[in-house]
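Participant: Okay, so here is run.pdb, and as you'll see once you scroll down, it has PDB, C-alpha atoms and all ligand atoms.
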```pdb
ATOM      1  CA  MET A  32     104.548  21.410 157.397  1.00  0.00           C
ATOM      2  CA  THR A  33     103.577  22.241 160.953  1.00  0.00           C
ATOM      3  CA  PRO A  34     106.430  21.364 163.346  1.00  0.00           C
ATOM      4  CA  ALA A  35     105.987  18.407 165.733  1.00  0.00           C
ATOM      5  CA  VAL A  36     106.741  20.481 168.839  1.00  0.00           C
ATOM      6  CA  LEU A  37     105.121  23.583 170.243  1.00  0.00           C
ATOM      7  CA  PRO A  38     107.768  26.266 170.774  1.00  0.00           C
ATOM      8  CA  LEU A  39     106.871  28.154 173.954  1.00  0.00           C
ATOM      9  CA  THR A  40     109.196  31.150 174.025  1.00  0.00           C
ATOM     10  CA  ALA A  41     109.116  34.584 175.602  1.00  0.00           C
ATOM     11  CA  ALA A  42     109.360  36.204 172.157  1.00  0.00           C
ATOM     12  CA  GLY A  43     106.530  34.015 170.853  1.00  0.00           C
ATOM     13  CA  SER A  44     104.298  34.905 173.813  1.00  0.00           C
ATOM     14  CA  ARG A  45     104.245  38.512 172.596  1.00  0.00           C
ATOM     15  CA  LYS A  46     103.192  37.939 169.010  1.00  0.00           C
ATOM     16  CA  GLY A  47     100.440  36.292 166.986  1.00  0.00           C
ATOM     17  CA  ASN A  48      96.841  36.963 165.940  1.00  0.00           C
ATOM     18  CA  LEU A  49      95.557  36.888 169.511  1.00  0.00           C
ATOM     19  CA  ILE A  50      97.884  39.280 171.307  1.00  0.00           C
ATOM     20  CA  LEU A  51      96.242  41.689 173.653  1.00  0.00           C
ATOM     21  CA  VAL A  52      97.406  45.255 173.096  1.00  0.00           C
ATOM     22  CA  ASN A  53      95.996  47.851 175.457  1.00  0.00           C
ATOM     23  CA  ARG A  54      97.073  50.287 178.156  1.00  0.00           C
ATOM     24  CA  GLU A  55      97.975  47.460 180.575  1.00  0.00           C
ATOM     25  CA  HIS A  56      99.573  45.341 177.849  1.00  0.00           C
ATOM     26  CA  PRO A  57     101.708  47.504 175.588  1.00  0.00           C
ATOM     27  CA  LEU A  58     103.602  45.996 172.692  1.00  0.00           C
ATOM     28  CA  GLN A  59     106.908  44.596 173.846  1.00  0.00           C
ATOM     29  CA  GLY A  60     109.886  44.595 171.555  1.00  0.00           C
ATOM     30  CA  GLU A  61     109.614  45.190 167.865  1.00  0.00           C
ATOM     31  CA  LEU A  62     106.802  43.543 165.934  1.00  0.00           C
ATOM     32  CA  ILE A  63     107.523  43.031 162.265  1.00  0.00           C
ATOM     33  CA  PRO A  64     104.119  42.429 160.691  1.00  0.00           C
ATOM     34  CA  ASP A  65     103.844  40.825 157.253  1.00  0.00           C
ATOM     35  CA  LEU A  66     102.080  43.774 155.624  1.00  0.00           C
ATOM     36  CA  VAL A  67     100.379  44.206 152.273  1.00  0.00           C
ATOM     37  CA  PRO A  68      98.787  47.342 150.799  1.00  0.00           C
ATOM     38  CA  LEU A  69      95.038  47.724 151.352  1.00  0.00           C
ATOM     39  CA  THR A  70      92.959  48.400 148.294  1.00  0.00           C
ATOM     40  CA  GLY A  71      89.648  50.222 147.928  1.00  0.00           C
ATOM     41  CA  GLY A  72      90.203  52.718 150.735  1.00  0.00           C
ATOM     42  CA  TRP A  73      92.544  55.544 151.573  1.00  0.00           C
ATOM     43  CA  PRO A  74      95.943  55.423 149.906  1.00  0.00           C
ATOM     44  CA  ASP A  75      99.039  54.071 151.600  1.00  0.00           C
ATOM     45  CA  GLN A  76      97.213  51.921 154.155  1.00  0.00           C
ATOM     46  CA  HIS A  77      98.626  48.499 155.010  1.00  0.00           C
ATOM     47  CA  LEU A  78      97.381  45.464 156.893  1.00  0.00           C
ATOM     48  CA  ASP A  79      98.649  42.030 157.884  1.00  0.00           C
ATOM     49  CA  ARG A  80      98.573  39.774 154.825  1.00  0.00           C
ATOM     50  CA  THR A  81      95.932  37.318 156.083  1.00  0.00           C
ATOM     51  CA  ALA A  82      93.802  40.049 157.685  1.00  0.00           C
ATOM     52  CA  ALA A  83      93.828  41.983 154.397  1.00  0.00           C
ATOM     53  CA  ARG A  84      92.732  38.922 152.417  1.00  0.00           C
ATOM     54  CA  MET A  85      89.910  38.168 154.864  1.00  0.00           C
ATOM     55  CA  LEU A  86      88.801  41.807 154.949  1.00  0.00           C
ATOM     56  CA  ALA A  87      88.556  41.837 151.161  1.00  0.00           C
ATOM     57  CA  ALA A  88      86.541  38.601 151.247  1.00  0.00           C
ATOM     58  CA  ALA A  89      84.158  39.938 153.916  1.00  0.00           C
ATOM     59  CA  SER A  90      83.669  43.162 151.991  1.00  0.00           C
ATOM     60  CA  GLN A  91      83.029  41.234 148.802  1.00  0.00           C
ATOM     61  CA  ALA A  92      80.488  39.020 150.588  1.00  0.00           C
ATOM     62  CA  VAL A  93      78.347  42.076 151.366  1.00  0.00           C
ATOM     63  CA  GLN A  94      79.076  43.835 148.066  1.00  0.00           C
ATOM     64  CA  GLY A  95      80.869  46.573 149.965  1.00  0.00           C
ATOM     65  CA  ALA A  96      83.218  47.712 147.191  1.00  0.00           C
ATOM     66  CA  GLY A  97      83.141  51.504 146.947  1.00  0.00           C
ATOM     67  CA  GLN A  98      80.994  51.784 150.091  1.00  0.00           C
ATOM     68  CA  ILE A  99      83.123  50.253 152.850  1.00  0.00           C
ATOM     69  CA  LEU A 100      86.440  52.076 152.928  1.00  0.00           C
ATOM     70  CA  PRO A 101      89.420  51.039 155.053  1.00  0.00           C
ATOM     71  CA  VAL A 102      90.682  54.426 156.295  1.00  0.00           C
ATOM     72  CA  SER A 103      93.365  53.337 158.729  1.00  0.00           C
ATOM     73  CA  GLY A 104      95.299  50.085 158.952  1.00  0.00           C
ATOM     74  CA  TRP A 105      98.795  49.476 160.269  1.00  0.00           C
ATOM     75  CA  ARG A 106     100.522  52.355 162.054  1.00  0.00           C
ATOM     76  CA  SER A 107     104.126  52.689 163.117  1.00  0.00           C
ATOM     77  CA  GLN A 108     104.989  53.865 166.628  1.00  0.00           C
ATOM     78  CA  GLU A 109     105.845  57.264 165.118  1.00  0.00           C
ATOM     79  CA  GLU A 110     102.477  57.554 163.357  1.00  0.00           C
ATOM     80  CA  GLN A 111     100.594  56.631 166.521  1.00  0.00           C
ATOM     81  CA  GLN A 112     102.611  59.237 168.418  1.00  0.00           C
ATOM     82  CA  ALA A 113     101.799  61.861 165.765  1.00  0.00           C
ATOM     83  CA  ILE A 114      98.053  61.036 165.918  1.00  0.00           C
ATOM     84  CA  TRP A 115      98.159  61.212 169.730  1.00  0.00           C
ATOM     85  CA  ASP A 116      99.972  64.584 169.710  1.00  0.00           C
ATOM     86  CA  ASP A 117      97.747  66.058 167.010  1.00  0.00           C
ATOM     87  CA  THR A 118      94.484  64.922 168.641  1.00  0.00           C
ATOM     88  CA  LEU A 119      95.664  66.170 172.030  1.00  0.00           C
ATOM     89  CA  GLN A 120      96.319  69.582 170.557  1.00  0.00           C
ATOM     90  CA  ARG A 121      93.035  69.812 168.645  1.00  0.00           C
ATOM     91  CA  GLN A 122      90.590  68.023 170.962  1.00  0.00           C
ATOM     92  CA  GLY A 123      92.126  68.035 174.410  1.00  0.00           C
ATOM     93  CA  THR A 124      93.043  65.397 176.959  1.00  0.00           C
ATOM     94  CA  ASP A 125      89.645  63.771 177.646  1.00  0.00           C
ATOM     95  CA  PHE A 126      88.755  63.153 174.005  1.00  0.00           C
ATOM     96  CA  THR A 127      92.237  61.902 173.168  1.00  0.00           C
ATOM     97  CA  ALA A 128      92.317  59.477 176.095  1.00  0.00           C
ATOM     98  CA  GLN A 129      88.895  58.121 175.071  1.00  0.00           C
ATOM     99  CA  TYR A 130      89.497  57.598 171.382  1.00  0.00           C
ATOM    100  CA  VAL A 131      93.234  57.413 170.763  1.00  0.00           C
ATOM    101  CA  ALA A 132      95.435  54.696 172.176  1.00  0.00           C
ATOM    102  CA  ARG A 133      98.759  55.712 173.643  1.00  0.00           C
ATOM    103  CA  PRO A 134     101.765  55.008 171.417  1.00  0.00           C
ATOM    104  CA  GLY A 135     102.831  51.386 172.039  1.00  0.00           C
ATOM    105  CA  CYS A 136      99.303  50.523 173.209  1.00  0.00           C
ATOM    106  CA  SER A 137      97.489  50.698 169.859  1.00  0.00           C
ATOM    107  CA  GLU A 138      96.237  47.615 168.081  1.00  0.00           C
ATOM    108  CA  HIS A 139      96.936  49.422 164.843  1.00  0.00           C
ATOM    109  CA  GLN A 140     100.644  48.826 165.454  1.00  0.00           C
ATOM    110  CA  THR A 141     100.073  45.077 165.089  1.00  0.00           C
ATOM    111  CA  GLY A 142      98.743  45.312 161.513  1.00  0.00           C
ATOM    112  CA  LEU A 143      95.670  43.338 162.666  1.00  0.00           C
ATOM    113  CA  ALA A 144      93.297  46.282 163.227  1.00  0.00           C
ATOM    114  CA  VAL A 145      91.485  48.375 160.698  1.00  0.00           C
ATOM    115  CA  ASP A 146      89.170  51.384 160.888  1.00  0.00           C
ATOM    116  CA  LEU A 147      86.339  51.250 158.375  1.00  0.00           C
ATOM    117  CA  ALA A 148      84.214  54.099 157.072  1.00  0.00           C
ATOM    118  CA  LEU A 149      81.038  54.269 155.079  1.00  0.00           C
ATOM    119  CA  SER A 150      81.876  56.159 151.909  1.00  0.00           C
ATOM    120  CA  ALA A 151      80.958  59.866 152.225  1.00  0.00           C
ATOM    121  CA  ASP A 152      82.096  63.264 150.982  1.00  0.00           C
ATOM    122  CA  THR A 153      83.869  63.995 154.237  1.00  0.00           C
ATOM    123  CA  ILE A 154      85.207  61.327 156.560  1.00  0.00           C
ATOM    124  CA  ASP A 155      86.337  61.923 160.129  1.00  0.00           C
ATOM    125  CA  PHE A 156      89.683  60.155 160.404  1.00  0.00           C
ATOM    126  CA  ILE A 157      89.511  59.689 164.205  1.00  0.00           C
ATOM    127  CA  ARG A 158      85.823  58.746 164.397  1.00  0.00           C
ATOM    128  CA  PRO A 159      84.600  57.551 160.982  1.00  0.00           C
ATOM    129  CA  GLU A 160      80.908  56.817 160.454  1.00  0.00           C
ATOM    130  CA  PHE A 161      80.271  53.077 160.265  1.00  0.00           C
ATOM    131  CA  PRO A 162      76.564  52.616 161.019  1.00  0.00           C
ATOM    132  CA  TYR A 163      74.713  49.551 162.242  1.00  0.00           C
ATOM    133  CA  ASP A 164      72.367  49.394 159.264  1.00  0.00           C
ATOM    134  CA  GLY A 165      72.731  49.051 155.495  1.00  0.00           C
ATOM    135  CA  VAL A 166      75.925  47.651 154.023  1.00  0.00           C
ATOM    136  CA  CYS A 167      77.862  48.326 157.245  1.00  0.00           C
ATOM    137  CA  GLY A 168      75.286  46.340 159.230  1.00  0.00           C
ATOM    138  CA  ASN A 169      75.654  43.524 156.729  1.00  0.00           C
ATOM    139  CA  PHE A 170      79.425  43.655 157.184  1.00  0.00           C
ATOM    140  CA  ARG A 171      79.007  43.367 160.976  1.00  0.00           C
ATOM    141  CA  ARG A 172      76.833  40.294 160.529  1.00  0.00           C
ATOM    142  CA  VAL A 173      79.471  38.465 158.465  1.00  0.00           C
ATOM    143  CA  ALA A 174      82.588  39.825 160.241  1.00  0.00           C
ATOM    144  CA  ALA A 175      83.059  36.847 162.594  1.00  0.00           C
ATOM    145  CA  ARG A 176      82.796  34.423 159.682  1.00  0.00           C
ATOM    146  CA  TYR A 177      85.913  36.104 158.270  1.00  0.00           C
ATOM    147  CA  GLY A 178      87.774  36.300 161.584  1.00  0.00           C
ATOM    148  CA  PHE A 179      86.995  39.898 162.605  1.00  0.00           C
ATOM    149  CA  ILE A 180      85.525  41.269 165.820  1.00  0.00           C
ATOM    150  CA  GLU A 181      84.123  44.704 166.613  1.00  0.00           C
ATOM    151  CA  ARG A 182      86.752  45.408 169.212  1.00  0.00           C
ATOM    152  CA  TYR A 183      85.451  48.324 171.299  1.00  0.00           C
ATOM    153  CA  THR A 184      81.813  48.210 172.318  1.00  0.00           C
ATOM    154  CA  ALA A 185      80.086  50.447 174.882  1.00  0.00           C
ATOM    155  CA  ASP A 186      79.361  47.562 177.272  1.00  0.00           C
ATOM    156  CA  LYS A 187      83.046  46.573 177.488  1.00  0.00           C
ATOM    157  CA  GLN A 188      84.523  50.047 177.910  1.00  0.00           C
ATOM    158  CA  GLU A 189      85.488  49.333 181.537  1.00  0.00           C
ATOM    159  CA  MET A 190      87.625  46.414 180.395  1.00  0.00           C
ATOM    160  CA  THR A 191      89.071  47.740 177.146  1.00  0.00           C
ATOM    161  CA  GLY A 192      89.726  51.262 178.416  1.00  0.00           C
ATOM    162  CA  ILE A 193      88.520  52.618 175.049  1.00  0.00           C
ATOM    163  CA  ALA A 194      85.145  54.264 174.364  1.00  0.00           C
ATOM    164  CA  ALA A 195      82.781  52.613 171.873  1.00  0.00           C
ATOM    165  CA  GLU A 196      84.375  52.596 168.421  1.00  0.00           C
ATOM    166  CA  PRO A 197      81.868  51.130 165.966  1.00  0.00           C
ATOM    167  CA  TRP A 198      84.410  51.557 163.151  1.00  0.00           C
ATOM    168  CA  HIS A 199      87.364  49.610 164.623  1.00  0.00           C
ATOM    169  CA  PHE A 200      87.679  45.937 163.696  1.00  0.00           C
ATOM    170  CA  ARG A 201      90.361  43.516 164.808  1.00  0.00           C
ATOM    171  CA  TYR A 202      91.401  40.358 163.005  1.00  0.00           C
ATOM    172  CA  VAL A 203      91.736  37.416 165.411  1.00  0.00           C
ATOM    173  CA  GLY A 204      91.055  34.473 163.068  1.00  0.00           C
ATOM    174  CA  VAL A 205      87.896  32.551 162.301  1.00  0.00           C
ATOM    175  CA  PRO A 206      87.355  30.203 165.267  1.00  0.00           C
ATOM    176  CA  HIS A 207      88.262  32.935 167.759  1.00  0.00           C
ATOM    177  CA  ALA A 208      85.986  35.575 166.248  1.00  0.00           C
ATOM    178  CA  ARG A 209      83.183  32.999 166.365  1.00  0.00           C
ATOM    179  CA  ILE A 210      83.843  32.080 170.013  1.00  0.00           C
ATOM    180  CA  LEU A 211      84.251  35.691 171.192  1.00  0.00           C
ATOM    181  CA  THR A 212      81.132  36.845 169.345  1.00  0.00           C
ATOM    182  CA  ASP A 213      78.950  33.943 170.482  1.00  0.00           C
ATOM    183  CA  ALA A 214      80.098  34.296 174.110  1.00  0.00           C
ATOM    184  CA  GLY A 215      79.704  38.079 174.042  1.00  0.00           C
ATOM    185  CA  ILE A 216      83.150  38.663 175.500  1.00  0.00           C
ATOM    186  CA  CYS A 217      85.972  41.013 174.539  1.00  0.00           C
ATOM    187  CA  LEU A 218      89.581  40.048 173.866  1.00  0.00           C
ATOM    188  CA  GLU A 219      90.588  41.124 177.397  1.00  0.00           C
ATOM    189  CA  GLU A 220      88.310  38.355 178.743  1.00  0.00           C
ATOM    190  CA  TYR A 221      89.485  35.621 176.361  1.00  0.00           C
ATOM    191  CA  PRO A 222      92.459  34.153 178.291  1.00  0.00           C
ATOM    192  CA  ALA A 223      90.411  33.727 181.506  1.00  0.00           C
ATOM    193  CA  PHE A 224      87.485  32.339 179.497  1.00  0.00           C
ATOM    194  CA  LEU A 225      89.713  29.661 177.934  1.00  0.00           C
ATOM    195  CA  ARG A 226      91.370  28.923 181.267  1.00  0.00           C
ATOM    196  CA  GLN A 227      87.972  27.835 182.598  1.00  0.00           C
ATOM    197  CA  ALA A 228      87.808  25.179 179.892  1.00  0.00           C
ATOM    198  CA  PRO A 229      89.050  24.576 176.348  1.00  0.00           C
ATOM    199  CA  ARG A 230      86.375  25.370 173.765  1.00  0.00           C
ATOM    200  CA  VAL A 231      85.408  23.326 170.744  1.00  0.00           C
ATOM    201  CA  VAL A 232      83.658  24.907 167.775  1.00  0.00           C
ATOM    202  CA  ARG A 233      82.446  23.483 164.525  1.00  0.00           C
ATOM    203  CA  LEU A 234      83.248  25.680 161.552  1.00  0.00           C
ATOM    204  CA  GLU A 235      80.928  26.266 158.633  1.00  0.00           C
ATOM    205  CA  ASN A 236      82.890  23.728 156.582  1.00  0.00           C
ATOM    206  CA  GLY A 237      82.041  21.102 159.228  1.00  0.00           C
ATOM    207  CA  ARG A 238      85.557  20.894 160.633  1.00  0.00           C
ATOM    208  CA  ARG A 239      85.968  20.957 164.405  1.00  0.00           C
ATOM    209  CA  VAL A 240      88.470  23.219 166.125  1.00  0.00           C
ATOM    210  CA  ARG A 241      89.654  23.047 169.727  1.00  0.00           C
ATOM    211  CA  VAL A 242      90.969  26.161 171.430  1.00  0.00           C
ATOM    212  CA  SER A 243      92.847  26.093 174.735  1.00  0.00           C
ATOM    213  CA  TYR A 244      95.001  28.336 176.905  1.00  0.00           C
ATOM    214  CA  LEU A 245      98.596  27.500 177.822  1.00  0.00           C
ATOM    215  CA  PRO A 246     100.154  29.469 180.668  1.00  0.00           C
ATOM    216  CA  PHE A 247     103.818  30.413 180.207  1.00  0.00           C
ATOM    217  CA  ASN A 248     106.277  30.572 183.092  1.00  0.00           C
ATOM    218  CA  GLY A 249     108.780  32.782 181.263  1.00  0.00           C
ATOM    219  CA  THR A 250     111.339  30.072 180.463  1.00  0.00           C
ATOM    220  CA  ASP A 251     111.686  29.083 176.820  1.00  0.00           C
ATOM    221  CA  THR A 252     110.678  25.469 176.316  1.00  0.00           C
ATOM    222  CA  THR A 253     108.944  23.107 173.922  1.00  0.00           C
ATOM    223  CA  ARG A 254     106.204  20.565 174.378  1.00  0.00           C
ATOM    224  CA  PRO A 255     104.954  17.848 172.041  1.00  0.00           C
ATOM    225  CA  ALA A 256     102.504  19.094 169.445  1.00  0.00           C
ATOM    226  CA  PRO A 257      98.968  17.775 169.900  1.00  0.00           C
ATOM    227  CA  GLY A 258      98.556  16.725 166.260  1.00  0.00           C
ATOM    228  CA  PRO A 259      99.535  17.677 162.745  1.00  0.00           C
ATOM    229  CA  CYS A 260      97.367  20.765 162.402  1.00  0.00           C
ATOM    230  CA  TRP A 261      97.692  23.550 164.954  1.00  0.00           C
ATOM    231  CA  GLN A 262      98.488  27.198 165.430  1.00  0.00           C
ATOM    232  CA  LEU A 263      99.984  28.919 168.436  1.00  0.00           C
ATOM    233  CA  SER A 264      99.569  32.584 169.291  1.00  0.00           C
ATOM    234  CA  GLY A 265     100.989  34.539 172.179  1.00  0.00           C
ATOM    235  CA  THR A 266      98.538  36.564 174.257  1.00  0.00           C
ATOM    236  CA  ASN A 267     100.955  39.325 175.350  1.00  0.00           C
ATOM    237  CA  GLU A 268      99.587  38.800 178.887  1.00  0.00           C
ATOM    238  CA  GLY A 269     101.705  35.823 179.919  1.00  0.00           C
ATOM    239  CA  GLY A 270     100.478  32.863 177.933  1.00  0.00           C
ATOM    240  CA  PHE A 271      99.574  31.235 174.665  1.00  0.00           C
ATOM    241  CA  ILE A 272      96.396  30.239 172.909  1.00  0.00           C
ATOM    242  CA  LEU A 273      96.576  26.930 171.060  1.00  0.00           C
ATOM    243  CA  THR A 274      94.243  26.253 168.146  1.00  0.00           C
ATOM    244  CA  GLU A 275      93.952  22.651 166.930  1.00  0.00           C
ATOM    245  CA  TRP A 276      92.066  21.649 163.802  1.00  0.00           C
ATOM    246  CA  GLU A 277      90.529  18.204 163.678  1.00  0.00           C
ATOM    247  CA  VAL A 278      92.245  16.062 161.069  1.00  0.00           C
ATOM    248  CA  GLN A 279      89.946  15.331 158.145  1.00  0.00           C
ATOM    249  CA  PRO A 280      89.425  11.620 157.677  1.00  0.00           C
TER     250      PRO A 280
HETATM  251 ZN    ZN A 301      91.113  51.929 165.127  1.00  0.00          ZN
END
```
Show me, as structure tokens, the structure contained in the file I just sent.
Facilitator:
Amino acid sequence: MTPAVLPLTAAGSRKGNLILVNREHPLQGELIPDLVPLTGGWPDQHLDRTAARMLAAASQAVQGAGQILPVSGWRSQEEQQAIWDDTLQRQGTDFTAQYVARPGCSEHQTGLAVDLALSADTIDFIRPEFPYDGVCGNFRRVAARYGFIERYTADKQEMTGIAAEPWHFRYVGVPHARILTDAGICLEEYPAFLRQAPRVVRLENGRRVRVSYLPFNGTDTTRPAPGPCWQLSGTNEGGFILTEWEVQP
């Protein structure tokens, strides 16, 4: 059962599906994601349990089995460091800074991000091919319905600090992927967007969801829960995002 109070804590403000992880907002403290192995892609890749289930469902919806391959999921700090060092050595500073996040600043360390490749004889691990047409295009069209966003687009490079990465998808959850996609904003813009006004969306199953931003002053506290059905995520930028599902009559 969902508790009757919202726990607003410093630790909680740094974790959840909606945390911002970038150069200005590195991961703080140790995240312990609930990971499961990813199937149908490269061996030994893991993803957050819910994200993995939704990825499999999205792939199934577009009949992507054998064509859409998850090539990189969760990474430890050490793995991210190794990728950074290796890319720096092979490709130099400019390329590395454009396409590889600094250790501690990679979404892959949350278990909520996945790099997808179109099946091919050779796949570039750093920049896999994931085109805008065919089965990959179909995947893009359904991604938001399964809670995923294309995280790094060319038009948001100034804000994300990462060059366009058509292969990198981030799980944020269904209502949020819908809101972000429809508004044409990136995750960096989401807290300010919600601060303007809470948003209400109607999901495909007809249920209404209200999403609002709660600032956090740094002192652990609780406040009464708005209803029986809610979810709270930290933003890792000083607040929380509250998601409330309308109670079915
Ligand atoms: Zn990635």
Participant: For ligand ZN 301 (chain A), return the neighbouring residues as a VMD selection string (distance at most 6 Å; only C-alpha atoms and all ligand atoms).
Facilitator: chain A and resid 145 to 146 199
Participant: Between CA of Pro259 (chain A) and CA of Val240 (chain A), what is the distance, to one decimal in Å?
Facilitator: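 Value for the CA of Pro259 (chain A)-CA of Val240 (chain A) distance: 12.8 Å.
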Participant: Could you check which of A:Phe247, A:Phe271, A:Tyr202, A:Tyr130 is closest to Leu225 (chain A), using all atoms listed in the file?
Facilitator: A:Phe271
Participant: To test your reading of the syntax: which residues would the PyMOL selection byres (((chain A and resi 233) around 12) and not hetatm) return for the file shown? Reply as a PDB file with C-alpha atoms, keeping the file's coordinate frame.
Facilitator:
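The new file expr.pdb reads:
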```
ATOM      1  CA  ARG A 176      82.796  34.423 159.682  1.00  0.00           C
ATOM      2  CA  VAL A 205      87.896  32.551 162.301  1.00  0.00           C
ATOM      3  CA  PRO A 206      87.355  30.203 165.267  1.00  0.00           C
ATOM      4  CA  HIS A 207      88.262  32.935 167.759  1.00  0.00           C
ATOM      5  CA  ARG A 209      83.183  32.999 166.365  1.00  0.00           C
ATOM      6  CA  ILE A 210      83.843  32.080 170.013  1.00  0.00           C
ATOM      7  CA  ARG A 230      86.375  25.370 173.765  1.00  0.00           C
ATOM      8  CA  VAL A 231      85.408  23.326 170.744  1.00  0.00           C
ATOM      9  CA  VAL A 232      83.658  24.907 167.775  1.00  0.00           C
ATOM     10  CA  LEU A 234      83.248  25.680 161.552  1.00  0.00           C
ATOM     11  CA  GLU A 235      80.928  26.266 158.633  1.00  0.00           C
ATOM     12  CA  ASN A 236      82.890  23.728 156.582  1.00  0.00           C
ATOM     13  CA  GLY A 237      82.041  21.102 159.228  1.00  0.00           C
ATOM     14  CA  ARG A 238      85.557  20.894 160.633  1.00  0.00           C
ATOM     15  CA  ARG A 239      85.968  20.957 164.405  1.00  0.00           C
ATOM     16  CA  VAL A 240      88.470  23.219 166.125  1.00  0.00           C
ATOM     17  CA  ARG A 241      89.654  23.047 169.727  1.00  0.00           C
ATOM     18  CA  VAL A 242      90.969  26.161 171.430  1.00  0.00           C
ATOM     19  CA  GLU A 275      93.952  22.651 166.930  1.00  0.00           C
ATOM     20  CA  TRP A 276      92.066  21.649 163.802  1.00  0.00           C
ATOM     21  CA  GLU A 277      90.529  18.204 163.678  1.00  0.00           C
TER      22      GLU A 277
END
```
Participant: For Ala132 (chain A), which residue out of A:Ser150, A:Gln112, A:Gln91, A:Asn267 is the nearest one, using all atoms listed in the file?
Facilitator: A:Gln112
Participant: Hey, what's within 9 Å of Ser264 (chain A) if we count only C-alpha atoms and toss same-chain stuff fewer than 6 positions away? As a list in words, please?
Facilitator: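 So, after excluding close chain neighbours, the residues are Gly43, Ser44, Arg45, Lys46, Gly47, Asn48, Leu49, Ile50, Gly270, Phe271, Ile272, Leu273 and Thr274 of chain A.
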Participant: Excluding Cys136 (chain A) and any residue of its chain fewer than 3 positions from it, enumerate the residues within 12 Å of it, using all atoms listed in the file, and give them as an MDAnalysis selection string.
Facilitator: chainID A and resid 50:59 106:108 111:112 115 128 131:133 139:141 191:193 267
Participant: Could the residues in this selection be written to a file with C-alpha atoms, as an mmCIF file, in the frame of the given file?
Facilitator:
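The result, written out as again_31.cif:
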```cif
data_model
loop_
_atom_site.group_PDB
_atom_site.id
_atom_site.type_symbol
_atom_site.label_atom_id
_atom_site.label_comp_id
_atom_site.auth_asym_id
_atom_site.auth_seq_id
_atom_site.Cartn_x
_atom_site.Cartn_y
_atom_site.Cartn_z
ATOM 1 C CA ILE A 50 97.884 39.280 171.307
ATOM 2 C CA LEU A 51 96.242 41.689 173.653
ATOM 3 C CA VAL A 52 97.406 45.255 173.096
ATOM 4 C CA ASN A 53 95.996 47.851 175.457
ATOM 5 C CA ARG A 54 97.073 50.287 178.156
ATOM 6 C CA GLU A 55 97.975 47.460 180.575
ATOM 7 C CA HIS A 56 99.573 45.341 177.849
ATOM 8 C CA PRO A 57 101.708 47.504 175.588
ATOM 9 C CA LEU A 58 103.602 45.996 172.692
ATOM 10 C CA GLN A 59 106.908 44.596 173.846
ATOM 11 C CA ARG A 106 100.522 52.355 162.054
ATOM 12 C CA SER A 107 104.126 52.689 163.117
ATOM 13 C CA GLN A 108 104.989 53.865 166.628
ATOM 14 C CA GLN A 111 100.594 56.631 166.521
ATOM 15 C CA GLN A 112 102.611 59.237 168.418
ATOM 16 C CA TRP A 115 98.159 61.212 169.730
ATOM 17 C CA ALA A 128 92.317 59.477 176.095
ATOM 18 C CA VAL A 131 93.234 57.413 170.763
ATOM 19 C CA ALA A 132 95.435 54.696 172.176
ATOM 20 C CA ARG A 133 98.759 55.712 173.643
ATOM 21 C CA HIS A 139 96.936 49.422 164.843
ATOM 22 C CA GLN A 140 100.644 48.826 165.454
ATOM 23 C CA THR A 141 100.073 45.077 165.089
ATOM 24 C CA THR A 191 89.071 47.740 177.146
ATOM 25 C CA GLY A 192 89.726 51.262 178.416
ATOM 26 C CA ILE A 193 88.520 52.618 175.049
ATOM 27 C CA ASN A 267 100.955 39.325 175.350
#
```
Participant: Here's the selection I'm unsure about, the PyMOL selection byres (((chain A and resi 198) around 9) and not hetatm); applied to the file above, which residues does it give, as a list of chain:residue names?
Facilitator: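 Expected selection for the PyMOL selection byres (((chain A and resi 198) around 9) and not hetatm) here is A:Val145, A:Asp146, A:Leu147, A:Ala148, A:Arg158, A:Pro159, A:Glu160, A:Phe161, A:Pro162, A:Glu181, A:Arg182, A:Tyr183, A:Ala195, A:Glu196, A:Pro197, A:His199, A:Phe200.
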Participant: Include C-alpha atoms and write out the residues we just selected as a CSV table (one decimal), in the coordinates of the input.
Facilitator:
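The result, written out as out-v4.csv:
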```csv
chain,number,residue,atom,x,y,z
A,145,VAL,CA,91.5,48.4,160.7
A,146,ASP,CA,89.2,51.4,160.9
A,147,LEU,CA,86.3,51.2,158.4
A,148,ALA,CA,84.2,54.1,157.1
A,158,ARG,CA,85.8,58.7,164.4
A,159,PRO,CA,84.6,57.6,161.0
A,160,GLU,CA,80.9,56.8,160.5
A,161,PHE,CA,80.3,53.1,160.3
A,162,PRO,CA,76.6,52.6,161.0
A,181,GLU,CA,84.1,44.7,166.6
A,182,ARG,CA,86.8,45.4,169.2
A,183,TYR,CA,85.5,48.3,171.3
A,195,ALA,CA,82.8,52.6,171.9
A,196,GLU,CA,84.4,52.6,168.4
A,197,PRO,CA,81.9,51.1,166.0
A,199,HIS,CA,87.4,49.6,164.6
A,200,PHE,CA,87.7,45.9,163.7
```
Participant: Can you turn the PyMOL selection byres (((chain A and resi 72-80) around 10) and not hetatm) into a concrete residue list for this file, as a PyMOL selection string?
Facilitator: chain A and resi 48+63-71+81-86+96-106+139-145+147-148+150+202
Participant: Quote the spacing between CA of Ala41 (chain A) and CA of Glu219 (chain A) in Å to one decimal place.
Facilitator: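 Answer for the CA of Ala41 (chain A) to CA of Glu219 (chain A) separation: 19.7 Å.
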Participant: What does the structure give for the distance between CA of Glu220 (chain A) and CA of Ala185 (chain A), in Å to one decimal?
Facilitator: 15.1 Å
